[in-house]
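Novice: Questions regarding the structure given below will be posed in turn.
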Amino acid sequence: MLKIKLHWQILIALVLAVLYGALFPNYVEYVSWMGDLFLRALKMIIVPLILSSIISGVTNIGNAENLGKLGIKTLTYYLSTSLLAILIGLFLVNIFQPGIGADLGLSKQVEELGIAKESFGDTLINIIPVNIFESFLKGDMLSIIFFAILFGFFITQIKESYRVNLTNFFDAFFEVMMKITMFIIKFAPLGIFGIVAVTISQQNDLLQLVQSMGLYMITVLLGLAFHSMVTLPLILKFFAKADPWLHVKAMTTPLLTAFSTSSSNATLPLTIDAVENNSGVSNKITSFTLPLGATVNMDGTALYECVAAIFIAQAYGVELTFVQQIIVVITALLASIGAAGIPMAGLVTITIILSAVGLPLEGVGLILSVDRILDMCRTVVNVWSDSCGAVTIAKTEGEELKV
Ligand code: ASP
């Protein structure tokens with residue numbers, strides 16, 4: 001049977017949904033259930049997915065940290081480049097404001113949500129749950145993340161036999177959650193069809209919608225371009241004293257693969273090969289930094305998550321306070337660490353940010369339609385940043401490279 005690739009299926013669904021919503025606005029109730037089911041399925045997996053991905057991520061970093069100096073250097077690189085990427089996104093989305101005036105017919109829904117604008121102090125205090133099971137039930141992301149990080153960290157502090165058991169358990173748990181996620185994502189074309197048809201049918205001004213989505217994409221793409229063509233090359237040049245141009249050339253195959261597969265994990269073998277054989281980094285460094293980077297270091301995803309969350313807030317007419325913007329920055333960092341290196345993972349973990357600042361998860365429906373192309377581009381940046389990290393760390397360890 002002819003197998004159409006998922007991104008083509010999504011594209012076709014998108015076109016059909018726009019036609020359906022525009023031509024038959026009164027009949028969207030016949031297809032809206034597909035979108036509802038898809039969003040329900042995403043919500044269903046979010047708590048166990050986040051829990052298992054953070055615990056398994058932290059235990060792996062924790063175990064890796066025992067490698068000492070190399071571990072600390074790697075983590076510093078990962079966290080600071082992701083943070084820089086987020087700040088670029090935050091800056092651009094506040095300048096371009098793609099969602100402002102989008103009039104997507106969403107603002108009225110928010111009034112019913114009664115978003116609690118907590119003070120900074122309260123937000124901090126509430127991160128520590130009085131009852132973690134209540135947090136699971138309510139989907140209190142910050143508390144769940146806090147608990148998961150603690151749990152993951154202390155797994156690395158217990159005696160070997162227990163540690164191995166629990167690490168394996170959470171790795172396996174995470175893998176099952178990923179399988180379920182992939183299974184749900186197979187239904188994305190149907191879900192997108194339902195969601196987009198409804199969104200389109202509610203539009204009075206279609207041109208406005210296209211304009212807002214276009215501006216949103218441009219904001220993300222500009223940010224990604226700046227981070228990959230300015231920030232990371234500057235780090236290569238000044239911290240690693242390497243030649244960014246030579247390194248890009250060395251990385252052509254993995255970068256193209258990242259673009260076409262939208263998966264850092266799938267690209268990993270090629271990344272390792274290119275960084276070792278073309279850029280000349282030792283296996284000691286690549287074997288440690290690159291697999292870890294493919295799962296925890298996602299600059300492109302982090303930038304995208306920040307822009308997308310604020311875009312959604314703007315489209316819903318919610319003005320985020322300063323504290324809420326800080327929460328977006330922190331949770332975008334966590335969401336990018338929590339995202340697995342597979343297609344559309346960032347789209348799932350963005351729910352962490354939305355829940356943390358009290359935005360409706362339905363907002364995902366808004367950005368879903370253009371996610372695939374952004375996913376391809378952010379994955380390139382994710383892989384590029386991992387490779388720049390390996391080169392930077394190798395150079396600071398005194399290795400002689402080819403770049
Ligand atoms: N697809 C991305 C990656 O594999 C993750 C994401 O969805 O942002 O790196």
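Chain labels follow the order of the structure tokens: the first chain is A, the next B, and so on; residue numbering restarts at 1 in every chain, and ligands are counted from 1 in their shown order.
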Write out as a short mmCIF file (atom, residue, chain, number, x, y, z; two decimals) with N, CA and C atoms, in the first residue's frame the residues lying within 9 Å of Leu374 (chain A), counting only C-alpha atoms and excluding same-chain residues fewer than 5 positions away.
Specialist:
data_model
loop_
_atom_site.label_atom_id
_atom_site.label_comp_id
_atom_site.auth_asym_id
_atom_site.auth_seq_id
_atom_site.Cartn_x
_atom_site.Cartn_y
_atom_site.Cartn_z
N MET A 217 5.37 32.21 12.44
CA MET A 217 6.41 31.36 11.86
C MET A 217 7.69 32.17 11.60
N VAL A 220 9.61 32.63 14.85
CA VAL A 220 10.36 31.44 15.26
C VAL A 220 11.58 31.25 14.33
N LEU A 221 11.36 31.37 13.03
CA LEU A 221 12.44 31.11 12.07
C LEU A 221 13.58 32.12 12.21
N TYR A 304 11.59 27.78 20.36
CA TYR A 304 10.25 27.61 19.78
C TYR A 304 9.17 27.58 20.86
N THR A 379 14.78 21.17 14.81
CA THR A 379 15.60 19.98 15.01
C THR A 379 17.01 20.21 14.46
#
Novice: Let me see if you get this right: every residue at most 8 Å from ligand 1, counting only C-alpha atoms and all ligand atoms, written as number ranges by chain.
Specialist: A: 258, 262-266, 294-295, 298, 300-302, 304, 336, 339-348, 375-376, 378-380, 382-383
Novice: Which residues are near Val28 (chain A)? Cut-off 12 Å, only C-alpha atoms, ignore same chain within fewer than 5 positions. Put them as number ranges by chain.
Specialist: A: 17-23, 33-35, 193-202
Novice: Take CA of Met182 (chain A) and CA of Lys138 (chain A) and report the distance between them in Å, one decimal.
Specialist: 24.4 Å
Novice: Taking into account only C-alpha atoms, which residue in the set A:Leu190, A:Ile310, A:Val329, A:Ile180 is nearest to Val31 (chain A)?
Specialist: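 With only C-alpha atoms as the atom set, the closest residue is A:Leu190.
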Novice: Could you list, as a list in words, every residue within 9 Å of Val328 (chain A), counting only C-alpha atoms and ignoring same-chain residues fewer than 5 positions away?
Specialist: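 Once the adjacent positions are removed, what remains is Glu305, Cys306, Ala309, Ile310, Val323, Leu333, Ile353, Leu354, Ala356 and Val357 of chain A.
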Novice: Name all residues at most 10 Å from Asn278 (chain A) (count only C-alpha atoms; drop same-chain ones fewer than 6 positions away) and give them as a ChimeraX atom specification.
Specialist: /A:246-247,249-251,272,401-403
Novice: Please indicate the distance in Å from CA of Ser56 (chain A) to CA of Lys179 (chain A), rounded to one decimal place.
Specialist: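 For CA of Ser56 (chain A) relative to CA of Lys179 (chain A), the distance reads 15.4 Å.
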Novice: Report as a PyMOL selection string all protein, DNA and RNA residues lying within 12 Å of Thr289 (chain A), evaluated on only C-alpha atoms, omitting residues in the same chain fewer than 4 positions from it.
Specialist: chain A and resi 60-61+64-65+67+70-78+268+271-272+275-276+281-285+293-297+383+385-394
Novice: Limited to N, CA, C and O atoms, could you put the picked residues into a file as a short mmCIF file (atom, residue, chain, number, x, y, z; two decimals), in the first residue's frame?
Specialist:
data_model
loop_
_atom_site.label_atom_id
_atom_site.label_comp_id
_atom_site.auth_asym_id
_atom_site.auth_seq_id
_atom_site.Cartn_x
_atom_site.Cartn_y
_atom_site.Cartn_z
N ASN A 60 19.94 10.10 34.31
CA ASN A 60 21.04 9.93 33.36
C ASN A 60 22.06 11.05 33.47
O ASN A 60 23.27 10.81 33.41
N ILE A 61 21.57 12.29 33.65
CA ILE A 61 22.53 13.39 33.83
C ILE A 61 23.28 13.18 35.13
O ILE A 61 24.49 13.33 35.22
N ALA A 64 25.80 10.78 34.82
CA ALA A 64 26.85 11.31 33.97
C ALA A 64 27.69 12.32 34.75
O ALA A 64 28.89 12.43 34.53
N GLU A 65 27.03 13.02 35.67
CA GLU A 65 27.74 14.08 36.39
C GLU A 65 28.90 13.49 37.19
O GLU A 65 29.85 14.18 37.50
N LEU A 67 30.96 11.89 36.11
CA LEU A 67 32.15 12.01 35.29
C LEU A 67 32.92 13.30 35.61
O LEU A 67 33.95 13.58 35.04
N LEU A 70 34.03 17.08 33.13
CA LEU A 70 33.43 16.99 31.80
C LEU A 70 31.91 17.14 31.89
O LEU A 70 31.30 17.86 31.10
N GLY A 71 31.34 16.50 32.91
CA GLY A 71 29.89 16.58 33.10
C GLY A 71 29.46 18.00 33.38
O GLY A 71 28.49 18.49 32.81
N ILE A 72 30.19 18.67 34.25
CA ILE A 72 29.80 20.03 34.62
C ILE A 72 29.94 20.97 33.42
O ILE A 72 29.05 21.78 33.15
N LYS A 73 31.03 20.82 32.67
CA LYS A 73 31.22 21.66 31.48
C LYS A 73 30.08 21.45 30.50
O LYS A 73 29.53 22.40 29.95
N THR A 74 29.75 20.17 30.27
CA THR A 74 28.71 19.86 29.30
C THR A 74 27.37 20.46 29.73
O THR A 74 26.68 21.10 28.93
N LEU A 75 27.05 20.26 31.01
CA LEU A 75 25.77 20.79 31.48
C LEU A 75 25.73 22.30 31.39
O LEU A 75 24.71 22.88 31.02
N THR A 76 26.86 22.94 31.73
CA THR A 76 26.90 24.40 31.65
C THR A 76 26.64 24.85 30.23
O THR A 76 25.86 25.77 29.98
N TYR A 77 27.29 24.17 29.27
CA TYR A 77 27.08 24.53 27.87
C TYR A 77 25.61 24.34 27.49
O TYR A 77 24.98 25.23 26.92
N TYR A 78 25.05 23.17 27.84
CA TYR A 78 23.67 22.87 27.46
C TYR A 78 22.70 23.91 28.02
O TYR A 78 21.85 24.43 27.32
N LEU A 268 21.23 10.95 15.50
CA LEU A 268 22.39 10.78 16.38
C LEU A 268 23.57 10.00 15.79
O LEU A 268 24.71 10.46 15.86
N THR A 271 25.35 12.20 13.52
CA THR A 271 26.00 13.31 14.23
C THR A 271 27.33 12.83 14.83
O THR A 271 28.37 13.47 14.69
N ILE A 272 27.27 11.67 15.48
CA ILE A 272 28.48 11.13 16.11
C ILE A 272 29.55 10.92 15.04
O ILE A 272 30.71 11.33 15.19
N VAL A 275 30.90 14.39 13.78
CA VAL A 275 31.69 15.14 14.76
C VAL A 275 33.04 14.44 15.00
O VAL A 275 34.07 15.09 15.14
N GLU A 276 33.03 13.10 14.98
CA GLU A 276 34.29 12.38 15.19
C GLU A 276 35.17 12.42 13.95
O GLU A 276 36.33 12.83 14.00
N VAL A 281 36.69 15.27 16.76
CA VAL A 281 36.54 15.19 18.22
C VAL A 281 36.71 13.72 18.65
O VAL A 281 36.28 12.81 17.95
N SER A 282 37.35 13.52 19.83
CA SER A 282 37.61 12.14 20.26
C SER A 282 36.32 11.42 20.64
O SER A 282 35.34 12.05 21.03
N ASN A 283 36.37 10.10 20.54
CA ASN A 283 35.20 9.30 20.89
C ASN A 283 34.84 9.44 22.37
O ASN A 283 33.68 9.38 22.75
N LYS A 284 35.86 9.69 23.20
CA LYS A 284 35.60 9.84 24.64
C LYS A 284 34.59 10.98 24.86
O LYS A 284 33.67 10.87 25.67
N ILE A 285 34.77 12.06 24.12
CA ILE A 285 33.87 13.21 24.29
C ILE A 285 32.55 13.04 23.55
O ILE A 285 31.48 13.29 24.10
N GLY A 293 23.20 15.09 24.73
CA GLY A 293 22.71 16.31 24.07
C GLY A 293 21.46 16.05 23.26
O GLY A 293 20.54 16.87 23.24
N ALA A 294 21.40 14.87 22.61
CA ALA A 294 20.23 14.59 21.76
C ALA A 294 18.95 14.56 22.58
O ALA A 294 17.87 14.84 22.07
N THR A 295 19.07 14.22 23.87
CA THR A 295 17.84 14.21 24.69
C THR A 295 17.66 15.45 25.53
O THR A 295 16.53 15.87 25.75
N VAL A 296 18.75 16.04 26.04
CA VAL A 296 18.51 17.17 26.95
C VAL A 296 18.83 18.54 26.36
O VAL A 296 18.31 19.53 26.83
N ASN A 297 19.69 18.59 25.34
CA ASN A 297 20.07 19.91 24.83
C ASN A 297 19.30 20.23 23.56
O ASN A 297 19.61 19.71 22.50
N VAL A 383 20.41 19.78 16.74
CA VAL A 383 21.56 18.93 16.40
C VAL A 383 22.83 19.79 16.24
O VAL A 383 23.90 19.43 16.70
N SER A 385 23.51 22.57 17.73
CA SER A 385 23.99 22.99 19.05
C SER A 385 24.72 21.84 19.75
O SER A 385 25.77 22.05 20.38
N ASP A 386 24.20 20.61 19.63
CA ASP A 386 24.88 19.46 20.23
C ASP A 386 26.30 19.34 19.68
O ASP A 386 27.26 19.12 20.42
N SER A 387 26.40 19.50 18.36
CA SER A 387 27.71 19.31 17.74
C SER A 387 28.66 20.43 18.13
O SER A 387 29.84 20.20 18.37
N CYS A 388 28.13 21.66 18.21
CA CYS A 388 28.99 22.78 18.64
C CYS A 388 29.46 22.55 20.07
O CYS A 388 30.60 22.88 20.44
N GLY A 389 28.56 21.96 20.88
CA GLY A 389 28.92 21.66 22.27
C GLY A 389 30.09 20.68 22.32
O GLY A 389 31.06 20.88 23.06
N ALA A 390 29.99 19.62 21.51
CA ALA A 390 31.06 18.61 21.51
C ALA A 390 32.39 19.25 21.12
O ALA A 390 33.43 18.99 21.75
N VAL A 391 32.36 20.12 20.10
CA VAL A 391 33.60 20.77 19.65
C VAL A 391 34.15 21.70 20.74
O VAL A 391 35.34 21.67 21.06
N THR A 392 33.25 22.49 21.34
CA THR A 392 33.69 23.44 22.36
C THR A 392 34.33 22.69 23.54
O THR A 392 35.40 23.06 24.04
N ILE A 393 33.66 21.63 23.98
CA ILE A 393 34.18 20.89 25.13
C ILE A 393 35.50 20.21 24.78
O ILE A 393 36.45 20.24 25.56
N ALA A 394 35.55 19.65 23.58
CA ALA A 394 36.81 19.00 23.17
C ALA A 394 37.96 20.00 23.17
O ALA A 394 39.06 19.71 23.64
#
Novice: Measuring atom to atom with only C-alpha atoms, identify which of A:Asp171, A:Asp140, A:Glu397, A:Asp299 is nearest to Phe226 (chain A).
Specialist: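 Closest residue, counting only C-alpha atoms: A:Asp299.
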Novice: Among the residues of region 5-233 of chain A, find those DSSP assigns to helix (DSSP H, G or I) from the backbone and print them as JSON, numbers by chain.
Specialist: {"A": [6, 7, 8, 9, 10, 11, 12, 13, 14, 15, 16, 17, 18, 19, 20, 21, 22, 23, 25, 26, 27, 29, 30, 31, 32, 33, 34, 35, 36, 37, 38, 39, 40, 41, 42, 43, 44, 45, 46, 47, 48, 49, 50, 51, 52, 53, 54, 55, 56, 57, 58, 59, 60, 61, 62, 63, 64, 65, 69, 70, 71, 72, 73, 74, 75, 76, 77, 78, 79, 80, 81, 82, 83, 84, 85, 86, 87, 88, 89, 90, 91, 92, 93, 94, 95, 96, 107, 108, 109, 110, 111, 112, 113, 120, 121, 122, 123, 124, 125, 126, 127, 132, 133, 134, 135, 136, 137, 138, 141, 142, 143, 144, 145, 146, 147, 148, 149, 150, 151, 152, 153, 154, 155, 160, 161, 162, 163, 164, 165, 166, 167, 168, 169, 170, 171, 172, 173, 174, 175, 176, 177, 178, 179, 180, 181, 182, 183, 184, 185, 188, 189, 190, 191, 192, 193, 194, 195, 196, 197, 198, 199, 200, 201, 206, 207, 208, 209, 210, 211, 212, 213, 214, 215, 216, 217, 218, 219, 220, 221, 222, 223, 224, 225, 226, 227, 228, 229, 230, 231, 232, 233]}
Novice: Can you work out which one of A:Val381, A:Leu16, A:Leu51, A:Leu39 has the shortest atom-to-atom distance to Phe170 (chain A), counting only C-alpha atoms?
Specialist: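 Of A:Val381, A:Leu16, A:Leu51, A:Leu39, the one nearest Phe170 (chain A) is A:Leu51, counting only C-alpha atoms.
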